[in-house]
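What follows is the content of structure.cif (mmCIF, C-alpha atoms and all ligand atoms).
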data_coords
#
loop_
_atom_site.label_atom_id
_atom_site.label_comp_id
_atom_site.auth_asym_id
_atom_site.auth_seq_id
_atom_site.Cartn_x
_atom_site.Cartn_y
_atom_site.Cartn_z
CA MET A 1 0.00 0.00 0.00
CA ARG A 2 1.27 3.46 -0.81
CA THR A 3 0.15 7.03 -0.01
CA THR A 4 1.50 10.54 0.32
CA VAL A 5 0.78 11.03 4.03
CA GLY A 6 0.27 7.98 6.24
CA ILE A 7 -1.76 9.00 9.28
CA ILE A 8 -1.62 6.84 12.40
CA GLY A 9 -4.66 7.28 14.65
CA ALA A 10 -8.25 8.40 14.04
CA GLY A 11 -8.71 10.62 17.05
CA PRO A 12 -9.47 14.30 16.47
CA ALA A 13 -5.88 14.98 15.30
CA GLY A 14 -5.68 12.24 12.66
CA LEU A 15 -9.23 12.73 11.40
CA LEU A 16 -8.98 16.49 11.02
CA LEU A 17 -5.55 16.20 9.38
CA ALA A 18 -6.97 13.77 6.79
CA ARG A 19 -9.81 16.19 6.09
CA LEU A 20 -7.51 19.22 5.74
CA LEU A 21 -5.11 17.38 3.44
CA ARG A 22 -7.98 16.22 1.25
CA GLY A 23 -8.88 19.90 0.85
CA ALA A 24 -5.30 20.56 -0.27
CA GLY A 25 -5.37 17.71 -2.79
CA ILE A 26 -2.96 15.53 -0.81
CA ASP A 27 -3.86 11.85 -0.48
CA THR A 28 -3.79 10.02 2.83
CA VAL A 29 -4.46 6.67 4.44
CA VAL A 30 -5.61 6.66 8.07
CA LEU A 31 -4.82 3.62 10.25
CA GLU A 32 -6.87 3.26 13.44
CA ALA A 33 -6.25 0.43 15.91
CA ARG A 34 -9.75 0.38 17.43
CA ASP A 35 -13.17 -0.11 15.84
CA ARG A 36 -15.46 2.71 14.78
CA ALA A 37 -17.94 2.33 17.65
CA TYR A 38 -15.14 2.57 20.21
CA VAL A 39 -13.68 5.72 18.69
CA GLU A 40 -17.11 7.35 18.48
CA GLN A 41 -18.08 6.57 22.08
CA ARG A 42 -14.81 7.34 23.91
CA GLN A 43 -15.77 10.05 26.44
CA ARG A 44 -13.24 12.82 26.63
CA ALA A 45 -13.14 16.53 25.91
CA GLY A 46 -16.09 18.86 25.80
CA ILE A 47 -14.79 22.38 25.26
CA LEU A 48 -13.74 23.81 21.90
CA GLU A 49 -11.79 27.05 21.73
CA GLN A 50 -12.78 29.70 19.23
CA GLY A 51 -9.84 28.71 16.99
CA THR A 52 -10.92 25.04 17.02
CA VAL A 53 -14.48 26.01 16.11
CA ASP A 54 -13.13 28.14 13.26
CA ALA A 55 -10.87 25.31 12.02
CA LEU A 56 -13.73 22.78 12.00
CA ARG A 57 -15.95 25.22 10.10
CA ALA A 58 -13.21 25.96 7.57
CA ALA A 59 -12.75 22.20 7.04
CA GLY A 60 -16.46 21.87 6.23
CA ALA A 61 -17.04 19.91 9.44
CA GLY A 62 -18.94 22.52 11.42
CA ALA A 63 -22.57 22.13 10.33
CA ARG A 64 -23.86 19.95 13.17
CA MET A 65 -21.58 21.69 15.68
CA ASP A 66 -23.19 25.00 14.73
CA ARG A 67 -26.68 23.53 15.16
CA GLU A 68 -26.13 21.57 18.36
CA GLY A 69 -23.07 23.10 20.07
CA LEU A 70 -23.59 25.47 22.98
CA ARG A 71 -21.74 28.77 22.88
CA HIS A 72 -20.38 29.70 26.32
CA ASP A 73 -19.42 33.25 27.17
CA GLY A 74 -17.98 32.55 30.60
CA ILE A 75 -17.19 30.18 33.44
CA GLU A 76 -17.83 30.36 37.14
CA LEU A 77 -15.07 30.05 39.74
CA ARG A 78 -16.35 28.81 43.07
CA PHE A 79 -14.40 28.90 46.33
CA ASP A 80 -15.05 29.68 49.98
CA ARG A 81 -18.80 29.13 49.26
CA ARG A 82 -18.64 32.16 46.91
CA ARG A 83 -19.26 32.44 43.17
CA HIS A 84 -17.39 34.55 40.65
CA ARG A 85 -18.19 34.70 36.93
CA VAL A 86 -15.43 35.28 34.36
CA ASP A 87 -16.91 37.04 31.33
CA PHE A 88 -14.89 35.95 28.27
CA PRO A 89 -16.13 38.32 25.54
CA ALA A 90 -15.83 41.36 27.82
CA LEU A 91 -12.23 40.47 28.72
CA THR A 92 -10.95 39.26 25.34
CA GLY A 93 -12.57 41.49 22.75
CA GLY A 94 -15.41 39.09 21.97
CA ARG A 95 -13.96 35.58 22.25
CA SER A 96 -15.96 32.63 23.58
CA VAL A 97 -15.82 28.81 23.64
CA MET A 98 -18.19 26.08 22.46
CA VAL A 99 -19.49 23.05 24.34
CA TYR A 100 -19.54 20.24 21.77
CA ALA A 101 -18.31 16.81 22.77
CA GLN A 102 -15.19 15.22 21.29
CA THR A 103 -17.33 12.15 20.51
CA GLU A 104 -19.46 14.33 18.22
CA VAL A 105 -16.43 15.98 16.57
CA CYS A 106 -15.10 12.48 15.80
CA LYS A 107 -18.46 11.22 14.51
CA ASP A 108 -18.73 14.21 12.15
CA LEU A 109 -15.17 13.81 10.84
CA ILE A 110 -15.49 10.03 10.42
CA ALA A 111 -18.73 10.41 8.43
CA LEU A 112 -17.07 12.97 6.14
CA GLN A 113 -13.94 10.88 5.71
CA LEU A 114 -15.87 7.72 4.83
CA ALA A 115 -18.10 9.64 2.39
CA GLU A 116 -15.51 11.80 0.67
CA GLY A 117 -11.99 11.10 1.89
CA GLY A 118 -9.24 8.54 1.38
CA PRO A 119 -9.08 5.16 3.09
CA LEU A 120 -9.77 5.05 6.83
CA LEU A 121 -9.01 1.57 8.14
CA PHE A 122 -10.46 0.61 11.52
CA GLY A 123 -8.91 -2.32 13.35
CA ALA A 124 -5.56 -1.41 11.75
CA GLU A 125 -2.87 -1.24 14.41
CA ALA A 126 0.43 0.41 13.53
CA LEU A 127 3.28 -1.73 14.84
CA ALA A 128 6.22 0.52 13.96
CA VAL A 129 7.32 3.51 11.92
CA GLU A 130 10.45 2.60 10.00
CA ASP A 131 13.03 4.63 8.07
CA ALA A 132 11.56 7.91 9.32
CA ASP A 133 14.90 9.63 8.70
CA THR A 134 15.01 8.63 5.03
CA GLY A 135 13.03 9.81 1.98
CA ARG A 136 10.82 6.67 2.12
CA PRO A 137 9.29 6.21 5.57
CA ARG A 138 7.05 3.19 6.12
CA VAL A 139 4.44 2.14 8.63
CA ARG A 140 4.23 -1.51 9.47
CA PHE A 141 0.70 -2.41 10.59
CA ARG A 142 -1.66 -5.31 11.27
CA HIS A 143 -5.15 -5.32 9.75
CA ARG A 144 -7.61 -8.21 10.05
CA GLY A 145 -4.88 -10.47 11.37
CA ARG A 146 -2.52 -9.75 8.45
CA GLU A 147 0.67 -7.72 8.55
CA ASP A 148 1.07 -5.10 5.86
CA VAL A 149 3.24 -2.08 5.04
CA LEU A 150 2.16 1.46 4.21
CA GLU A 151 4.79 3.29 2.18
CA CYS A 152 4.59 7.06 2.49
CA ASP A 153 6.26 10.35 1.66
CA TYR A 154 5.41 11.53 5.18
CA VAL A 155 4.05 9.93 8.34
CA ALA A 156 1.81 11.79 10.79
CA GLY A 157 1.90 10.24 14.26
CA CYS A 158 -1.55 11.10 15.63
CA ASP A 159 -1.83 7.99 17.79
CA GLY A 160 -2.26 9.57 21.21
CA PHE A 161 -0.24 9.21 24.36
CA ARG A 162 0.00 5.40 24.20
CA GLY A 163 0.77 5.14 20.48
CA VAL A 164 3.87 3.79 18.73
CA SER A 165 4.94 6.78 16.62
CA ARG A 166 6.91 8.47 19.37
CA THR A 167 9.04 5.36 19.85
CA ALA A 168 10.46 5.83 16.33
CA VAL A 169 12.38 8.87 17.56
CA PRO A 170 15.81 7.70 18.84
CA ALA A 171 16.44 8.30 22.52
CA GLY A 172 19.40 10.55 21.78
CA VAL A 173 17.27 12.88 19.70
CA ALA A 174 14.18 13.09 21.93
CA GLN A 175 13.88 15.17 25.04
CA VAL A 176 10.95 14.53 27.36
CA PHE A 177 9.61 16.97 29.94
CA GLU A 178 7.16 15.44 32.36
CA ARG A 179 5.28 15.89 35.57
CA THR A 180 2.73 13.66 37.25
CA TYR A 181 0.17 14.66 39.87
CA PRO A 182 -0.90 12.81 43.02
CA PHE A 183 -4.59 13.00 42.09
CA ALA A 184 -6.97 12.01 39.29
CA TRP A 185 -10.46 12.92 38.05
CA LEU A 186 -13.48 10.73 38.60
CA GLY A 187 -15.85 11.72 35.78
CA ILE A 188 -19.53 10.92 35.35
CA LEU A 189 -22.11 11.45 32.64
CA ALA A 190 -25.62 11.88 34.01
CA ASP A 191 -29.02 12.16 32.35
CA VAL A 192 -29.97 15.39 34.05
CA PRO A 193 -30.00 19.00 32.81
CA PRO A 194 -26.88 20.92 33.93
CA SER A 195 -27.40 22.66 37.27
CA HIS A 196 -25.84 25.84 35.91
CA HIS A 197 -25.87 27.29 32.40
CA GLU A 198 -22.06 27.66 32.36
CA LEU A 199 -19.16 25.51 33.60
CA VAL A 200 -18.36 25.74 37.31
CA TYR A 201 -14.76 25.19 38.48
CA ALA A 202 -14.80 24.69 42.27
CA ARG A 203 -11.91 24.80 44.71
CA HIS A 204 -12.76 23.17 48.04
CA ASP A 205 -10.79 21.93 51.05
CA ARG A 206 -12.02 18.42 50.14
CA GLY A 207 -10.69 18.81 46.58
CA PHE A 208 -11.59 20.16 43.14
CA ALA A 209 -14.94 19.65 41.40
CA LEU A 210 -16.09 20.61 37.91
CA LEU A 211 -19.58 20.95 36.56
CA SER A 212 -19.76 20.66 32.79
CA MET A 213 -22.29 19.44 30.27
CA ARG A 214 -22.71 17.70 26.94
CA THR A 215 -26.21 18.84 25.91
CA PRO A 216 -29.06 20.74 27.59
CA SER A 217 -30.21 17.41 29.06
CA VAL A 218 -26.87 15.70 29.85
CA SER A 219 -24.47 16.78 32.61
CA ARG A 220 -20.77 15.95 32.82
CA LEU A 221 -19.24 16.24 36.28
CA TYR A 222 -15.79 15.59 37.68
CA LEU A 223 -14.37 15.11 41.20
CA GLN A 224 -10.73 15.22 42.25
CA VAL A 225 -9.88 11.80 43.74
CA PRO A 226 -6.58 10.25 44.87
CA GLU A 227 -4.36 8.83 42.12
CA GLY A 228 -5.06 5.11 41.69
CA THR A 229 -8.78 5.38 42.57
CA LYS A 230 -11.01 2.80 40.81
CA PRO A 231 -14.43 4.00 39.56
CA GLU A 232 -16.20 1.14 41.36
CA GLU A 233 -14.93 2.45 44.72
CA TRP A 234 -17.50 5.24 44.40
CA SER A 235 -21.25 4.55 44.49
CA ASP A 236 -23.48 6.97 42.60
CA ALA A 237 -24.92 8.24 45.90
CA ASP A 238 -21.40 8.89 47.26
CA ILE A 239 -20.48 10.82 44.11
CA TRP A 240 -23.55 13.08 44.28
CA ARG A 241 -23.06 13.72 48.00
CA GLU A 242 -19.41 14.67 47.45
CA LEU A 243 -20.25 16.89 44.49
CA GLU A 244 -22.88 18.67 46.61
CA ARG A 245 -20.36 19.36 49.33
CA ARG A 246 -17.72 20.76 47.00
CA PHE A 247 -20.16 22.97 45.07
CA GLU A 248 -21.89 24.32 48.21
CA THR A 249 -22.52 28.08 48.22
CA ASP A 250 -23.97 30.63 50.61
CA ASP A 251 -26.89 31.32 48.27
CA ASP A 252 -29.70 28.93 47.33
CA TRP A 253 -27.89 27.15 44.44
CA THR A 254 -28.64 23.43 44.29
CA LEU A 255 -27.19 20.49 42.37
CA ARG A 256 -29.68 18.47 40.35
CA ARG A 257 -29.19 14.69 40.54
CA GLY A 258 -30.00 12.17 37.81
CA PRO A 259 -29.17 8.68 36.59
CA VAL A 260 -25.41 8.15 36.10
CA THR A 261 -24.81 6.57 32.68
CA ARG A 262 -21.00 6.46 32.70
CA LYS A 263 -18.22 6.58 35.28
CA SER A 264 -14.47 6.64 34.68
CA VAL A 265 -11.18 7.81 36.19
CA THR A 266 -8.60 9.91 34.31
CA SER A 267 -5.07 10.29 35.58
CA MET A 268 -3.34 13.65 35.34
CA ARG A 269 -0.04 14.30 33.65
CA SER A 270 1.99 17.01 31.94
CA HIS A 271 4.25 15.68 29.19
CA VAL A 272 6.06 17.26 26.24
CA HIS A 273 8.12 15.35 23.70
CA GLU A 274 10.63 17.52 21.83
CA PRO A 275 11.11 17.84 18.94
CA MET A 276 7.73 17.05 17.38
CA ARG A 277 9.43 16.00 14.18
CA TYR A 278 11.99 13.35 13.28
CA GLY A 279 12.90 13.23 9.59
CA ARG A 280 9.64 12.64 7.74
CA LEU A 281 7.71 11.68 10.87
CA PHE A 282 5.58 14.45 12.39
CA LEU A 283 3.98 13.99 15.82
CA ALA A 284 0.68 15.75 16.51
CA GLY A 285 -1.74 15.95 19.44
CA ASP A 286 -1.45 13.69 22.47
CA ALA A 287 1.28 11.68 20.71
CA ALA A 288 3.55 14.67 21.36
CA HIS A 289 2.13 16.31 24.47
CA ILE A 290 -0.30 15.82 27.33
CA VAL A 291 -1.77 18.42 29.64
CA PRO A 292 -3.75 17.82 32.82
CA PRO A 293 -7.41 18.34 31.82
CA THR A 294 -8.05 21.43 33.98
CA GLY A 295 -8.39 24.21 31.42
CA ALA A 296 -9.60 21.94 28.59
CA LYS A 297 -6.60 22.32 26.31
CA GLY A 298 -5.75 18.82 24.98
CA LEU A 299 -8.11 18.55 22.03
CA ASN A 300 -7.55 22.17 21.14
CA LEU A 301 -3.80 21.68 21.03
CA ALA A 302 -4.25 18.64 18.79
CA VAL A 303 -6.30 20.76 16.38
CA GLY A 304 -3.67 23.52 16.41
CA ASP A 305 -0.93 21.00 15.55
CA VAL A 306 -2.72 19.50 12.56
CA VAL A 307 -3.79 22.87 11.17
CA THR A 308 -0.11 23.86 11.27
CA LEU A 309 1.00 20.56 9.74
CA ALA A 310 -1.60 20.63 6.95
CA ARG A 311 -0.57 24.17 6.05
CA ALA A 312 3.09 23.15 5.92
CA LEU A 313 2.44 20.09 3.75
CA ALA A 314 0.25 22.12 1.38
CA HIS A 315 2.95 24.79 1.17
CA GLU A 316 5.53 22.16 0.28
CA LYS A 317 3.24 20.73 -2.40
CA GLU A 318 2.52 24.14 -3.94
CA THR A 319 5.95 25.75 -3.77
CA GLY A 320 8.41 22.91 -3.25
CA SER A 321 9.65 24.73 -0.15
CA ALA A 322 10.06 22.74 3.07
CA ALA A 323 10.40 25.92 5.14
CA LEU A 324 7.09 25.48 7.00
CA LEU A 325 7.72 21.78 7.56
CA ASP A 326 11.12 22.67 9.00
CA ALA A 327 9.44 25.18 11.31
CA TYR A 328 6.62 22.77 12.34
CA SER A 329 8.03 21.60 15.66
CA ALA A 330 9.11 25.02 16.92
CA THR A 331 5.86 26.64 15.76
CA CYS A 332 3.73 24.09 17.60
CA LEU A 333 5.88 24.00 20.73
CA ARG A 334 5.45 27.72 21.36
CA ARG A 335 1.71 27.21 21.68
CA VAL A 336 2.09 23.87 23.46
CA TRP A 337 4.20 25.38 26.23
CA GLN A 338 1.69 28.19 26.77
CA ALA A 339 -1.01 25.55 27.18
CA GLU A 340 1.24 23.48 29.46
CA ARG A 341 1.79 26.54 31.63
CA PHE A 342 -1.90 27.41 31.77
CA SER A 343 -3.06 23.83 32.46
CA HIS A 344 -0.47 23.41 35.19
CA ASP A 345 -1.43 26.75 36.79
CA MET A 346 -5.17 26.01 36.64
CA THR A 347 -4.53 22.59 38.17
CA GLY A 348 -2.50 24.14 40.99
CA LEU A 349 -5.04 26.89 41.53
CA LEU A 350 -8.00 24.56 41.99
CA HIS A 351 -6.79 21.17 43.27
CA ARG A 352 -5.83 20.31 46.80
CA ALA A 353 -2.59 18.32 47.03
CA PRO A 354 -2.74 15.49 49.61
CA ASP A 355 0.15 17.11 51.49
CA ALA A 356 -1.05 20.73 51.14
CA THR A 357 -0.04 22.89 54.08
CA PRO A 358 -2.28 25.59 55.62
CA PHE A 359 0.11 28.15 54.12
CA GLU A 360 -0.42 26.73 50.62
CA ASP A 361 -4.19 26.70 51.15
CA ARG A 362 -4.10 30.40 52.00
CA LEU A 363 -1.96 31.15 48.94
CA GLN A 364 -4.46 29.31 46.73
CA LEU A 365 -7.30 31.37 48.13
CA ALA A 366 -5.27 34.55 47.68
CA ARG A 367 -4.71 33.69 44.02
CA LEU A 368 -8.44 33.10 43.53
CA GLU A 369 -9.22 36.32 45.40
CA ARG A 370 -6.84 38.13 43.06
CA LEU A 371 -8.76 36.80 40.04
CA THR A 372 -11.96 38.29 41.41
CA THR A 373 -10.48 41.71 42.11
CA SER A 374 -7.96 42.33 39.30
CA ARG A 375 -9.12 42.73 35.74
CA ALA A 376 -5.55 42.06 34.60
CA ALA A 377 -5.47 38.68 36.37
CA GLU A 378 -8.91 37.80 35.08
CA THR A 379 -7.99 38.81 31.53
CA ASP A 380 -4.96 36.55 31.66
CA LEU A 381 -7.19 33.58 32.51
CA ALA A 382 -9.84 34.50 29.91
CA GLU A 383 -7.28 34.88 27.11
CA ALA A 384 -5.70 31.52 27.85
CA TYR A 385 -9.01 29.71 28.33
CA THR A 386 -10.51 30.93 25.06
CA GLY A 387 -7.27 30.00 23.33
CA PHE A 388 -3.99 31.27 22.01
CA PRO A 389 -4.08 32.15 18.34
CA LEU A 390 -2.22 30.01 15.82
CA ASP A 391 1.01 31.54 14.51
P1 LIG B 401 -6.46 10.56 20.73
O1 LIG B 401 -7.83 11.14 20.85
O2 LIG B 401 -5.92 9.78 21.87
O3 LIG B 401 -6.47 9.66 19.42
C1 LIG B 401 -5.42 8.76 19.10
C2 LIG B 401 -5.98 7.64 18.27
O4 LIG B 401 -4.92 6.78 17.86
C3 LIG B 401 -6.95 6.76 19.03
O5 LIG B 401 -8.13 6.61 18.28
C4 LIG B 401 -6.21 5.46 19.23
O6 LIG B 401 -7.09 4.35 19.26
C5 LIG B 401 -5.32 5.45 18.01
N1 LIG B 401 -4.09 4.63 18.15
C6 LIG B 401 -3.31 4.50 19.24
N2 LIG B 401 -2.27 3.68 18.98
C7 LIG B 401 -2.42 3.28 17.68
C8 LIG B 401 -1.68 2.43 16.83
N3 LIG B 401 -0.57 1.80 17.26
N4 LIG B 401 -2.11 2.23 15.56
C9 LIG B 401 -3.23 2.85 15.11
N5 LIG B 401 -3.99 3.69 15.90
C10 LIG B 401 -3.57 3.88 17.15
N6 LIG B 401 -9.20 18.40 25.73
C11 LIG B 401 -9.79 19.59 25.43
O7 LIG B 401 -9.31 20.29 24.53
N7 LIG B 401 -10.92 20.03 26.08
C12 LIG B 401 -11.47 19.30 27.08
O8 LIG B 401 -12.51 19.70 27.61
C13 LIG B 401 -10.83 18.07 27.46
N8 LIG B 401 -11.34 17.31 28.44
C14 LIG B 401 -10.82 16.08 28.66
C15 LIG B 401 -11.39 15.31 29.64
C16 LIG B 401 -10.91 14.04 29.88
C17 LIG B 401 -11.56 13.21 30.95
C18 LIG B 401 -9.81 13.52 29.11
C19 LIG B 401 -9.28 12.13 29.32
C20 LIG B 401 -9.22 14.31 28.15
C21 LIG B 401 -9.70 15.58 27.92
N9 LIG B 401 -9.14 16.40 26.94
C22 LIG B 401 -9.69 17.62 26.71
C23 LIG B 401 -7.99 15.94 26.15
C24 LIG B 401 -8.39 15.40 24.78
O9 LIG B 401 -9.38 14.43 24.91
C25 LIG B 401 -7.17 14.84 24.04
O10 LIG B 401 -6.14 15.78 24.10
C26 LIG B 401 -7.49 14.48 22.58
O11 LIG B 401 -8.20 13.28 22.52
C27 LIG B 401 -6.21 14.35 21.73
O12 LIG B 401 -6.53 13.92 20.44
P2 LIG B 401 -5.53 13.04 19.59
O13 LIG B 401 -6.21 12.81 18.28
O14 LIG B 401 -4.19 13.63 19.63
O15 LIG B 401 -5.38 11.67 20.40
C1 LIG B 402 -14.55 19.32 30.33
C2 LIG B 402 -13.29 18.85 30.55
C3 LIG B 402 -12.33 19.73 31.02
O1 LIG B 402 -11.08 19.30 31.22
C4 LIG B 402 -12.63 21.04 31.29
O2 LIG B 402 -11.67 21.86 31.78
C5 LIG B 402 -13.88 21.51 31.04
C6 LIG B 402 -14.85 20.62 30.56
C7 LIG B 402 -15.59 18.39 29.85
O3 LIG B 402 -15.29 17.20 29.64
O4 LIG B 402 -16.74 18.81 29.67
#
Any chance you could give the structure as structure tokens?
Amino acid sequence: MRTTVGIIGAGPAGLLLARLLRGAGIDTVVLEARDRAYVEQRQRAGILEQGTVDALRAAGAGARMDREGLRHDGIELRFDRRRHRVDFPALTGGRSVMVYAQTEVCKDLIALQLAEGGPLLFGAEALAVEDADTGRPRVRFRHRGREDVLECDYVAGCDGFRGVSRTAVPAGVAQVFERTYPFAWLGILADVPPSHHELVYARHDRGFALLSMRTPSVSRLYLQVPEGTKPEEWSDADIWRELERRFETDDDWTLRRGPVTRKSVTSMRSHVHEPMRYGRLFLAGDAAHIVPPTGAKGLNLAVGDVVTLARALAHEKETGSAALLDAYSATCLRRVWQAERFSHDMTGLLHRAPDATPFEDRLQLARLERLTTSRAAETDLAEAYTGFPLD
């Protein structure tokens, strides 16, 4: 099998890249290890930055998002039983975010790819990227029990944090920057209308809690739990009681309960793999970097990477110049590190470390207090949350 750009992984990064390259007249083959139903049901991100929304629209993948997505003009910070709203458009010159689940983004892109795009093979697991530093890189993969080879001009490693692409970069070339956290998120989906019309990020002595949503009738909620927690350790009743405690306010706000349809635990990690390119292999999305979920940056970073990569490949095709491809890693990493910084800061601002001292608790509250009293501090948060522009 042969193609111009071999794409490993059909998450948001791989799917959008395939779509963008089709628009530029560049052929692709997408290899995805899992089956279609799995990829379409995997519960993950929910918040799209303005730039992500714009990119999906420009790729012709925004129709259902524009009908069903929920535009959000702010978030609420909750601490000390108080509530503070951050107004995005007022602080950023009109920017906002969109609530539209990653599952739906993937469904839309898969439908388009199958209808109009190049091959998208489900159940096709990449085993290795070979000869990445030559003019003829190859992906060895297994599909329906048979081993095969995809010969490419370029390989895009969009296979997430646990993929194989990254392992093709020799240890002496790669530099990894990493940090783990001693807590995780227990997330639920519940068939109940959200208890607030915007997201609520709560800092509490018992730990962080987040109220989010998927649709006007489906809530998504998260609780900070110790690292290593298993979902079955928490009954539904225990989860609702703990959420109520952490969201408690001095006014008459109440949390609506409903049937829990899904429960899972996500660990938290910061990770950057530099450079994001090795020869003709380009890493994009979670394959190259992970952020802790506080701040909702992961999917948005993946979109930023593939927009940059598609532009660079199209430029090379049109002009013969590899200048943008050569700049790919550095261009992406500037934005990646801003998102790493923001996600790390938001995590530190809102979570309670198991060994937090009273002094650190007071500092955390002082930082939150500062956000509610300084327009400069609040603007900094609003700009980062709604997204850093692409270079
Ligand atoms: P992935 O979505 O991981 O896709 C990689 C794909 O590659 C997968 O389909 C996988 O099956 C496939 N694959 C892996 N190995 C192979 C192989 N060897 N061969 C072939 N295919 C392979 N981000 C946000 O922006 N906003 C949010 O609100 C947000 N909330 C989150 C909440 C949670 C609970 C979690 C877990 C994450 C959240 N994120 C959020 C992060 C976001 O989900 C990820 O950053 C995003 O999925 C990255 O997309 P990707 O395409 O790079 O990788
Ligand atoms: C969601 C996830 C996040 O990490 C976040 O900061 C906001 C919302 C969500 O899944 O809805």
Item to check | For A:Tyr38, the nearest of the candidates A:Ala58, A:Cys106, A:Leu223, A:Leu210, counting all atoms listed in the file | outcome: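 So, comparing all the options, the nearest one is A:Cys106.
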Next on the checklist: Could you tell me how far atom C26 of ligand LIG 401 (chain B) sits from atom CA of A:Ala327, in Å to one decimal place?
Outcome noted: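 Answer for the atom CA of A:Ala327 to atom C26 of ligand LIG 401 (chain B) separation: 23.0 Å.
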Next on the checklist: Need the shell around A:Trp337: protein/DNA/RNA residues with any atom at most 10 Å away, counting only C-alpha atoms. Skip same-chain ones fewer than 6 positions apart. Format as a PyMOL selection string?
Outcome noted: chain A and resi 272+289+291+343
Checklist entry - Skipping near chain neighbours, those fewer than 5 positions away, what residues fall within 12 Å of A:Glu316 using only C-alpha atoms, listed as a list of chain:residue names? => result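 Here the answer would be A:Ala24, A:Ile26, A:Asp153, A:Tyr154, A:Leu309, A:Ala310, A:Arg311, A:Ser321, A:Ala322, A:Ala323, A:Leu324, A:Leu325, A:Asp326.
Compared by their closest atoms to ligand LIG 402 (chain B), and using only C-alpha atoms and all ligand atoms, the residues A:Leu313, A:Ala61, A:Met1, A:Leu186 rank with A:Leu186 nearest.
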Checklist entry - Of the candidates A:Leu301, A:Glu248, A:Ala184, A:His197, which shows the shortest atom-to-atom distance to A:Val225, using only C-alpha atoms? => result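 Answer, going by the shortest atom-to-atom distance: A:Ala184.
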Checklist entry - Near A:Arg36, counting all atoms listed in the file, which residues have an atom at most 10 Å away, once you skip same-chain residues fewer than 5 positions from it, shown as number ranges by chain? => result A: 10, 41, 106-107, 110, 121-123
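Distance annotation: of A:Ala312, A:Val86, A:Leu150, A:Leu255, the residue with the minimal separation from A:Val129 is A:Leu150; atom set is all atoms listed in the file.
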Sort by chain and increasing residue number a table of all residues of chain A within 7 Å of ligand LIG 401 (chain B), each with its closest pair of atoms and their distance in Å to one decimal, counting only C-alpha atoms and all ligand atoms, and write it as a Markdown table.
| residue | atom | partner | partner_atom | distance |
| --- | --- | --- | --- | --- |
| A:Ile8 | CA | B:LIG401 | C9 | 5.1 |
| A:Gly9 | CA | B:LIG401 | O4 | 3.3 |
| A:Ala10 | CA | B:LIG401 | O5 | 4.6 |
| A:Gly11 | CA | B:LIG401 | O3 | 3.4 |
| A:Pro12 | CA | B:LIG401 | O13 | 4.0 |
| A:Ala13 | CA | B:LIG401 | O13 | 3.7 |
| A:Gly14 | CA | B:LIG401 | O13 | 5.7 |
| A:Leu31 | CA | B:LIG401 | C9 | 5.2 |
| A:Glu32 | CA | B:LIG401 | N5 | 3.8 |
| A:Ala33 | CA | B:LIG401 | C9 | 4.0 |
| A:Arg34 | CA | B:LIG401 | O6 | 5.1 |
| A:Val39 | CA | B:LIG401 | O5 | 5.6 |
| A:Gln43 | CA | B:LIG401 | C17 | 6.9 |
| A:Arg44 | CA | B:LIG401 | C16 | 4.2 |
| A:Ala45 | CA | B:LIG401 | C13 | 3.2 |
| A:Gly46 | CA | B:LIG401 | O8 | 4.1 |
| A:Ile47 | CA | B:LIG401 | O8 | 4.2 |
| A:Leu48 | CA | B:LIG401 | O7 | 6.2 |
| A:Gln102 | CA | B:LIG401 | O9 | 6.9 |
| A:Ala124 | CA | B:LIG401 | C9 | 5.9 |
| A:Glu125 | CA | B:LIG401 | N4 | 3.7 |
| A:Ala126 | CA | B:LIG401 | N4 | 3.7 |
| A:Leu127 | CA | B:LIG401 | N3 | 5.8 |
| A:Cys158 | CA | B:LIG401 | O14 | 5.4 |
| A:Asp159 | CA | B:LIG401 | O4 | 3.3 |
| A:Gly160 | CA | B:LIG401 | O2 | 3.7 |
| A:Phe161 | CA | B:LIG401 | O2 | 6.2 |
| A:Arg162 | CA | B:LIG401 | N2 | 5.9 |
| A:Gly163 | CA | B:LIG401 | N2 | 3.7 |
| A:Val164 | CA | B:LIG401 | N3 | 5.1 |
| A:Gly187 | CA | B:LIG401 | C17 | 6.6 |
| A:Thr266 | CA | B:LIG401 | C19 | 5.5 |
| A:Ala284 | CA | B:LIG401 | O14 | 6.2 |
| A:Gly285 | CA | B:LIG401 | O14 | 3.4 |
| A:Asp286 | CA | B:LIG401 | O14 | 3.9 |
| A:Ala287 | CA | B:LIG401 | O14 | 5.9 |
| A:Ile290 | CA | B:LIG401 | O10 | 6.7 |
| A:Pro293 | CA | B:LIG401 | C14 | 5.2 |
| A:Ala296 | CA | B:LIG401 | N7 | 3.4 |
| A:Lys297 | CA | B:LIG401 | O7 | 3.8 |
| A:Gly298 | CA | B:LIG401 | O10 | 3.2 |
| A:Leu299 | CA | B:LIG401 | O7 | 3.3 |
| A:Asn300 | CA | B:LIG401 | O7 | 4.3 |
| A:Leu301 | CA | B:LIG401 | O7 | 6.7 |
| A:Ala302 | CA | B:LIG401 | O14 | 5.1 |
Checklist entry - Any idea what's packed within 12 Å of A:Arg2, counting only C-alpha atoms, ignoring anything in its chain fewer than 5 positions away? Could you give it as a ChimeraX atom specification? => result /A:7,27-30,118-119,136-140,148-155
Checklist entry - atom CA of A:Gly387 and atom CA of A:Arg95, how far apart in Å? => result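 Atom-to-atom, atom CA of A:Arg95 to atom CA of A:Gly387, that is 8.8 Å.
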